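Shown next: final37.cif, containing mmCIF, C-alpha atoms.
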```
data_data
loop_
_atom_site.group_PDB
_atom_site.id
_atom_site.type_symbol
_atom_site.label_atom_id
_atom_site.label_comp_id
_atom_site.auth_asym_id
_atom_site.auth_seq_id
_atom_site.Cartn_x
_atom_site.Cartn_y
_atom_site.Cartn_z
ATOM 1 C CA PRO A 1 110.332 -232.557 -37.042
ATOM 2 C CA ARG A 2 111.199 -235.198 -39.580
ATOM 3 C CA ARG A 3 109.405 -233.394 -42.411
ATOM 4 C CA PRO A 4 109.231 -229.673 -43.187
ATOM 5 C CA LEU A 5 105.432 -229.428 -42.994
ATOM 6 C CA ALA A 6 103.037 -227.084 -41.243
ATOM 7 C CA ILE A 7 99.825 -229.022 -40.539
ATOM 8 C CA VAL A 8 96.434 -227.327 -40.143
ATOM 9 C CA TYR A 9 93.315 -229.171 -38.961
ATOM 10 C CA GLY A 10 89.716 -228.032 -38.606
ATOM 11 C CA GLY A 11 88.385 -224.554 -37.973
ATOM 12 C CA TRP A 12 85.424 -222.373 -38.840
ATOM 13 C CA ASN A 13 84.475 -220.514 -42.012
ATOM 14 C CA ARG A 14 81.637 -218.410 -40.488
ATOM 15 C CA THR A 15 79.133 -220.947 -41.780
ATOM 16 C CA GLU A 16 80.282 -224.398 -40.696
ATOM 17 C CA HIS A 17 82.822 -226.320 -38.625
ATOM 18 C CA LYS A 18 85.702 -227.646 -40.725
ATOM 19 C CA GLY A 19 87.187 -231.140 -40.413
ATOM 20 C CA ASP A 20 89.841 -231.137 -43.091
ATOM 21 C CA VAL A 21 93.638 -231.352 -42.867
ATOM 22 C CA TRP A 22 95.971 -229.236 -44.965
ATOM 23 C CA CYS A 23 99.776 -229.423 -45.063
ATOM 24 C CA LEU A 24 102.065 -226.608 -46.132
ATOM 25 C CA ASP A 25 105.402 -227.851 -47.477
ATOM 26 C CA MET A 26 107.808 -225.358 -45.910
ATOM 27 C CA GLU A 27 110.403 -225.917 -48.662
ATOM 28 C CA SER A 28 108.211 -225.469 -51.755
ATOM 29 C CA TRP A 29 105.502 -223.316 -50.102
ATOM 30 C CA ARG A 30 102.806 -225.484 -51.660
ATOM 31 C CA TRP A 31 99.658 -226.684 -49.896
ATOM 32 C CA HIS A 32 98.659 -230.360 -49.999
ATOM 33 C CA PRO A 33 95.394 -231.893 -48.799
ATOM 34 C CA GLY A 34 95.589 -234.308 -45.885
ATOM 35 C CA PRO A 35 93.586 -237.501 -45.388
ATOM 36 C CA PRO A 36 89.885 -237.578 -46.246
ATOM 37 C CA HIS A 37 87.745 -236.267 -43.386
ATOM 38 C CA LYS A 38 84.700 -237.657 -41.625
ATOM 39 C CA ALA A 39 82.279 -235.634 -43.763
ATOM 40 C CA THR A 40 83.415 -237.742 -46.735
ATOM 41 C CA GLY A 41 82.746 -240.995 -44.851
ATOM 42 C CA ALA A 42 86.367 -241.575 -43.791
ATOM 43 C CA ALA A 43 87.377 -242.529 -40.241
ATOM 44 C CA GLY A 44 88.492 -239.600 -38.134
ATOM 45 C CA PRO A 45 87.341 -236.818 -35.867
ATOM 46 C CA CYS A 46 84.211 -234.863 -36.653
ATOM 47 C CA ALA A 47 84.607 -231.248 -37.735
ATOM 48 C CA ARG A 48 85.492 -228.816 -34.945
ATOM 49 C CA THR A 49 86.802 -225.424 -33.955
ATOM 50 C CA ASP A 50 88.509 -224.077 -30.817
ATOM 51 C CA HIS A 51 90.421 -227.355 -30.272
ATOM 52 C CA ALA A 52 94.097 -227.819 -29.412
ATOM 53 C CA SER A 53 96.602 -229.561 -31.693
ATOM 54 C CA VAL A 54 100.207 -230.471 -30.931
ATOM 55 C CA LEU A 55 102.977 -232.441 -32.633
ATOM 56 C CA TRP A 56 104.159 -235.428 -30.579
ATOM 57 C CA GLN A 57 107.577 -236.921 -31.317
ATOM 58 C CA ALA A 58 106.552 -240.463 -30.338
ATOM 59 C CA SER A 59 109.974 -241.899 -31.273
ATOM 60 C CA SER A 60 112.908 -241.109 -33.540
ATOM 61 C CA GLU A 61 110.815 -242.493 -36.408
ATOM 62 C CA VAL A 62 107.229 -241.545 -35.500
ATOM 63 C CA GLU A 63 105.570 -238.115 -35.352
ATOM 64 C CA CYS A 64 101.860 -237.708 -34.607
ATOM 65 C CA MET A 65 99.577 -234.725 -34.496
ATOM 66 C CA LEU A 66 97.320 -234.966 -31.438
ATOM 67 C CA VAL A 67 93.969 -233.166 -31.444
ATOM 68 C CA PHE A 68 92.103 -232.718 -28.160
ATOM 69 C CA GLY A 69 88.646 -231.312 -27.435
ATOM 70 C CA GLY A 70 87.081 -228.390 -29.194
ATOM 71 C CA HIS A 71 83.622 -227.326 -30.247
ATOM 72 C CA THR A 72 81.813 -229.700 -32.627
ATOM 73 C CA PRO A 73 78.340 -229.353 -34.145
ATOM 74 C CA SER A 74 77.160 -231.329 -31.050
ATOM 75 C CA GLY A 75 78.902 -229.010 -28.544
ATOM 76 C CA SER A 76 82.101 -229.275 -26.492
ATOM 77 C CA CYS A 77 83.955 -232.587 -26.601
ATOM 78 C CA ASP A 78 86.712 -234.491 -24.799
ATOM 79 C CA GLU A 79 87.905 -236.563 -27.747
ATOM 80 C CA LEU A 80 91.605 -237.251 -28.349
ATOM 81 C CA TRP A 81 92.683 -238.195 -31.863
ATOM 82 C CA SER A 82 96.141 -238.951 -33.263
ATOM 83 C CA LEU A 83 97.245 -238.571 -36.869
ATOM 84 C CA ASP A 84 100.480 -240.362 -37.804
ATOM 85 C CA CYS A 85 102.399 -237.812 -39.881
ATOM 86 C CA SER A 86 105.626 -239.830 -40.121
ATOM 87 C CA GLY A 87 105.747 -240.705 -43.761
ATOM 88 C CA GLY A 88 103.985 -241.122 -47.022
ATOM 89 C CA ALA A 89 101.728 -238.680 -48.759
ATOM 90 C CA PRO A 90 99.557 -236.607 -46.369
ATOM 91 C CA GLU A 91 96.363 -237.800 -48.071
ATOM 92 C CA ALA A 92 97.289 -241.385 -47.018
ATOM 93 C CA TRP A 93 97.762 -240.571 -43.304
ATOM 94 C CA THR A 94 95.265 -242.199 -40.939
ATOM 95 C CA TRP A 95 93.488 -241.089 -37.765
ATOM 96 C CA ILE A 96 93.292 -243.161 -34.552
ATOM 97 C CA ASP A 97 90.712 -242.473 -31.832
ATOM 98 C CA GLU A 98 92.669 -242.343 -28.547
ATOM 99 C CA THR A 99 89.718 -241.168 -26.425
ATOM 100 C CA HIS A 100 89.646 -242.541 -22.859
ATOM 101 C CA ARG A 101 92.387 -245.095 -23.536
ATOM 102 C CA HIS A 102 94.697 -244.214 -20.661
ATOM 103 C CA GLY A 103 94.373 -242.906 -17.086
ATOM 104 C CA PRO A 104 92.341 -239.978 -15.774
ATOM 105 C CA TRP A 105 90.576 -237.851 -18.374
ATOM 106 C CA PRO A 106 89.941 -234.093 -18.527
ATOM 107 C CA PRO A 107 86.346 -232.921 -18.952
ATOM 108 C CA LYS A 108 84.955 -231.623 -22.235
ATOM 109 C CA ARG A 109 86.388 -228.253 -23.177
ATOM 110 C CA THR A 110 86.841 -225.696 -25.900
ATOM 111 C CA SER A 111 89.163 -222.685 -26.344
ATOM 112 C CA HIS A 112 92.012 -224.259 -24.363
ATOM 113 C CA ALA A 113 95.755 -224.677 -24.917
ATOM 114 C CA ALA A 114 97.888 -227.813 -25.000
ATOM 115 C CA ALA A 115 101.572 -228.720 -25.126
ATOM 116 C CA ILE A 116 103.706 -231.852 -25.104
ATOM 117 C CA ALA A 117 106.083 -232.221 -22.156
ATOM 118 C CA GLY A 118 108.833 -234.764 -22.777
ATOM 119 C CA TYR A 119 109.691 -237.124 -25.583
ATOM 120 C CA GLY A 120 108.539 -240.523 -26.761
ATOM 121 C CA PRO A 121 106.184 -242.820 -24.876
ATOM 122 C CA SER A 122 106.926 -241.127 -21.537
ATOM 123 C CA ALA A 123 105.775 -237.705 -22.819
ATOM 124 C CA SER A 124 102.650 -236.051 -21.399
ATOM 125 C CA LEU A 125 99.959 -234.022 -23.105
ATOM 126 C CA VAL A 126 99.333 -230.994 -20.875
ATOM 127 C CA VAL A 127 95.932 -229.308 -21.340
ATOM 128 C CA VAL A 128 95.364 -225.879 -19.760
ATOM 129 C CA GLY A 129 92.371 -223.560 -19.509
ATOM 130 C CA GLY A 130 89.353 -223.435 -21.751
ATOM 131 C CA GLN A 131 85.655 -223.584 -21.022
ATOM 132 C CA ASP A 132 82.932 -226.214 -21.154
ATOM 133 C CA GLY A 133 81.091 -224.483 -23.978
ATOM 134 C CA SER A 134 78.051 -223.515 -21.911
ATOM 135 C CA LEU A 135 78.720 -219.859 -22.762
ATOM 136 C CA GLY A 136 78.972 -220.554 -26.499
ATOM 137 C CA GLU A 137 81.886 -220.994 -28.880
ATOM 138 C CA GLY A 138 85.394 -219.591 -28.334
#
```

Rewritten as structure tokens:
Amino acid sequence: PRRPLAIVYGGWNRTEHKGDVWCLDMESWRWHPGPPHKATGAAGPCARTDHASVLWQASSEVECMLVFGGHTPSGSCDELWSLDCSGGAPEAWTWIDETHRHGPWPPKRTSHAAAIAGYGPSASLVVVGGQDGSLGEG
């Protein structure tokens, strides 16, 4: 990674789905808020839990966090979002909706795993397991 950050997105607090991003600076051990989330009117994914997030090294200069699927207040989803984490302050990063932009698409799912295979534009997002949410959350 280009920057020593641990990035956390979404989750559940026993009351509501979360849609915020937090970044832990691994050198100073300080938390920083990420970009504004959809609940505040900003562009980006709706709050969710039981999704999969991976870091994609898109090039030697570009790193993106990809978020796929999960359980939203509306149920399971098949959305794919990217967050460019390459530079600038985390609160200035922006989300891009990548849903259904390329090739075949996996069905809605929650409680799955994902990994990046490869590097750059030829890399693949591999999604494994999960459920369609008909049995409830995670």

Once the PyMOL selection byres ((chain A and resi 82-95) around 12) has been applied to the shown file, what residues remain in the selection, as a PyMOL selection string? chain A and resi 1-9+20-25+31-38+42-46+52-68+79-81+96-99+125

Atom CA of Cys77 of chain A to atom CA of Ala123 of chain A measures 22.7 Å

Suppose a student applies the PyMOL selection byres ((chain A and resi 109-120) around 6) to this structure; what residues should they get, written as a PyMOL selection string? chain A and resi 50-52+57-59+69-71+76+108+121-132+138

If you keep C-alpha atoms, can you produce a file of those selected residues as a PDB file, keeping the file's coordinate frame?
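selection-v9.pdb written:
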```
ATOM      1  CA  ASP A  50      88.509-224.077 -30.817  1.00  0.00           C
ATOM      2  CA  HIS A  51      90.421-227.355 -30.272  1.00  0.00           C
ATOM      3  CA  ALA A  52      94.097-227.819 -29.412  1.00  0.00           C
ATOM      4  CA  GLN A  57     107.577-236.921 -31.317  1.00  0.00           C
ATOM      5  CA  ALA A  58     106.552-240.463 -30.338  1.00  0.00           C
ATOM      6  CA  SER A  59     109.974-241.899 -31.273  1.00  0.00           C
ATOM      7  CA  GLY A  69      88.646-231.312 -27.435  1.00  0.00           C
ATOM      8  CA  GLY A  70      87.081-228.390 -29.194  1.00  0.00           C
ATOM      9  CA  HIS A  71      83.622-227.326 -30.247  1.00  0.00           C
ATOM     10  CA  SER A  76      82.101-229.275 -26.492  1.00  0.00           C
ATOM     11  CA  LYS A 108      84.955-231.623 -22.235  1.00  0.00           C
ATOM     12  CA  PRO A 121     106.184-242.820 -24.876  1.00  0.00           C
ATOM     13  CA  SER A 122     106.926-241.127 -21.537  1.00  0.00           C
ATOM     14  CA  ALA A 123     105.775-237.705 -22.819  1.00  0.00           C
ATOM     15  CA  SER A 124     102.650-236.051 -21.399  1.00  0.00           C
ATOM     16  CA  LEU A 125      99.959-234.022 -23.105  1.00  0.00           C
ATOM     17  CA  VAL A 126      99.333-230.994 -20.875  1.00  0.00           C
ATOM     18  CA  VAL A 127      95.932-229.308 -21.340  1.00  0.00           C
ATOM     19  CA  VAL A 128      95.364-225.879 -19.760  1.00  0.00           C
ATOM     20  CA  GLY A 129      92.371-223.560 -19.509  1.00  0.00           C
ATOM     21  CA  GLY A 130      89.353-223.435 -21.751  1.00  0.00           C
ATOM     22  CA  GLN A 131      85.655-223.584 -21.022  1.00  0.00           C
ATOM     23  CA  ASP A 132      82.932-226.214 -21.154  1.00  0.00           C
ATOM     24  CA  GLY A 138      85.394-219.591 -28.334  1.00  0.00           C
TER      25      GLY A 138
END
```

Interatomic distance, atom CA of Asp78 of chain A to atom CA of Trp105 of chain A (Å, one decimal): 8.2 Å

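Here atom CA of Gly11 of chain A stands at a distance of 6.0 Å from atom CA of Arg48 of chain A.
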
Run the PyMOL selection byres ((chain A and resi 17) around 9) mentally over the shown coordinates, then write out the matched residues as JSON, numbers by chain, using the chain letters and numbers from the document. {"A": [10, 11, 12, 13, 14, 15, 16, 18, 19, 46, 47, 48, 49, 71, 72, 73]}

Proximity to Gly75 of chain A - best of A:Pro106, A:His100, A:Thr40, A:Ser134, only C-alpha atoms: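 Using only C-alpha atoms, Gly75 of chain A sits closest to A:Ser134.
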
Atom completion result for segment 120-131 of chain A (all heavy atoms) as a PDB file, keeping the file's coordinate frame:
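Once written, out_6.pdb looks like this:
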```pdb
ATOM      1  N   GLY A 120     108.822-239.101 -26.645  1.00  0.00           N
ATOM      2  CA  GLY A 120     108.539-240.523 -26.761  1.00  0.00           C
ATOM      3  C   GLY A 120     107.353-240.975 -25.934  1.00  0.00           C
ATOM      4  O   GLY A 120     106.488-240.182 -25.566  1.00  0.00           O
ATOM      5  N   PRO A 121     107.334-242.260 -25.594  1.00  0.00           N
ATOM      6  CA  PRO A 121     106.184-242.820 -24.876  1.00  0.00           C
ATOM      7  C   PRO A 121     106.015-242.285 -23.456  1.00  0.00           C
ATOM      8  O   PRO A 121     104.936-242.390 -22.883  1.00  0.00           O
ATOM      9  CB  PRO A 121     106.447-244.324 -24.868  1.00  0.00           C
ATOM     10  CG  PRO A 121     107.843-244.509 -25.294  1.00  0.00           C
ATOM     11  CD  PRO A 121     108.301-243.269 -25.979  1.00  0.00           C
ATOM     12  N   SER A 122     107.045-241.677 -22.893  1.00  0.00           N
ATOM     13  CA  SER A 122     106.926-241.127 -21.537  1.00  0.00           C
ATOM     14  C   SER A 122     106.464-239.666 -21.542  1.00  0.00           C
ATOM     15  O   SER A 122     106.298-239.063 -20.481  1.00  0.00           O
ATOM     16  CB  SER A 122     108.261-241.243 -20.796  1.00  0.00           C
ATOM     17  OG  SER A 122     109.244-240.464 -21.441  1.00  0.00           O
ATOM     18  N   ALA A 123     106.234-239.097 -22.715  1.00  0.00           N
ATOM     19  CA  ALA A 123     105.775-237.705 -22.819  1.00  0.00           C
ATOM     20  C   ALA A 123     104.357-237.569 -22.265  1.00  0.00           C
ATOM     21  O   ALA A 123     103.608-238.542 -22.178  1.00  0.00           O
ATOM     22  CB  ALA A 123     105.816-237.246 -24.270  1.00  0.00           C
ATOM     23  N   SER A 124     103.999-236.347 -21.892  1.00  0.00           N
ATOM     24  CA  SER A 124     102.650-236.051 -21.399  1.00  0.00           C
ATOM     25  C   SER A 124     102.026-234.953 -22.246  1.00  0.00           C
ATOM     26  O   SER A 124     102.704-234.011 -22.656  1.00  0.00           O
ATOM     27  CB  SER A 124     102.703-235.566 -19.948  1.00  0.00           C
ATOM     28  OG  SER A 124     103.165-236.583 -19.098  1.00  0.00           O
ATOM     29  N   LEU A 125     100.728-235.083 -22.475  1.00  0.00           N
ATOM     30  CA  LEU A 125      99.959-234.022 -23.105  1.00  0.00           C
ATOM     31  C   LEU A 125      99.398-233.174 -21.972  1.00  0.00           C
ATOM     32  O   LEU A 125      98.644-233.669 -21.137  1.00  0.00           O
ATOM     33  CB  LEU A 125      98.818-234.597 -23.954  1.00  0.00           C
ATOM     34  CG  LEU A 125      97.855-233.584 -24.575  1.00  0.00           C
ATOM     35  CD1 LEU A 125      98.587-232.671 -25.563  1.00  0.00           C
ATOM     36  CD2 LEU A 125      96.704-234.304 -25.259  1.00  0.00           C
ATOM     37  N   VAL A 126      99.783-231.906 -21.924  1.00  0.00           N
ATOM     38  CA  VAL A 126      99.333-230.994 -20.875  1.00  0.00           C
ATOM     39  C   VAL A 126      98.257-230.089 -21.471  1.00  0.00           C
ATOM     40  O   VAL A 126      98.497-229.407 -22.471  1.00  0.00           O
ATOM     41  CB  VAL A 126     100.507-230.146 -20.332  1.00  0.00           C
ATOM     42  CG1 VAL A 126     100.033-229.196 -19.253  1.00  0.00           C
ATOM     43  CG2 VAL A 126     101.630-231.051 -19.826  1.00  0.00           C
ATOM     44  N   VAL A 127      97.061-230.113 -20.873  1.00  0.00           N
ATOM     45  CA  VAL A 127      95.932-229.308 -21.340  1.00  0.00           C
ATOM     46  C   VAL A 127      95.640-228.257 -20.277  1.00  0.00           C
ATOM     47  O   VAL A 127      95.518-228.579 -19.096  1.00  0.00           O
ATOM     48  CB  VAL A 127      94.690-230.187 -21.583  1.00  0.00           C
ATOM     49  CG1 VAL A 127      93.505-229.341 -22.012  1.00  0.00           C
ATOM     50  CG2 VAL A 127      94.994-231.254 -22.626  1.00  0.00           C
ATOM     51  N   VAL A 128      95.535-226.989 -20.696  1.00  0.00           N
ATOM     52  CA  VAL A 128      95.364-225.879 -19.760  1.00  0.00           C
ATOM     53  C   VAL A 128      94.206-224.986 -20.212  1.00  0.00           C
ATOM     54  O   VAL A 128      94.077-224.681 -21.398  1.00  0.00           O
ATOM     55  CB  VAL A 128      96.655-225.022 -19.692  1.00  0.00           C
ATOM     56  CG1 VAL A 128      96.492-223.863 -18.735  1.00  0.00           C
ATOM     57  CG2 VAL A 128      97.848-225.880 -19.323  1.00  0.00           C
ATOM     58  N   GLY A 129      93.389-224.572 -19.254  1.00  0.00           N
ATOM     59  CA  GLY A 129      92.371-223.560 -19.509  1.00  0.00           C
ATOM     60  C   GLY A 129      91.189-224.061 -20.304  1.00  0.00           C
ATOM     61  O   GLY A 129      90.871-225.244 -20.331  1.00  0.00           O
ATOM     62  N   GLY A 130      90.514-223.129 -20.946  1.00  0.00           N
ATOM     63  CA  GLY A 130      89.353-223.435 -21.751  1.00  0.00           C
ATOM     64  C   GLY A 130      88.056-223.248 -20.987  1.00  0.00           C
ATOM     65  O   GLY A 130      88.031-222.745 -19.868  1.00  0.00           O
ATOM     66  N   GLN A 131      86.979-223.662 -21.618  1.00  0.00           N
ATOM     67  CA  GLN A 131      85.655-223.584 -21.022  1.00  0.00           C
ATOM     68  C   GLN A 131      84.862-224.801 -21.463  1.00  0.00           C
ATOM     69  O   GLN A 131      85.260-225.504 -22.386  1.00  0.00           O
ATOM     70  CB  GLN A 131      84.946-222.296 -21.427  1.00  0.00           C
ATOM     71  CG  GLN A 131      84.788-222.172 -22.946  1.00  0.00           C
ATOM     72  CD  GLN A 131      83.655-221.248 -23.314  1.00  0.00           C
ATOM     73  OE1 GLN A 131      82.647-221.203 -22.654  1.00  0.00           O
ATOM     74  NE2 GLN A 131      83.833-220.520 -24.410  1.00  0.00           N
TER      75      GLN A 131
END
```
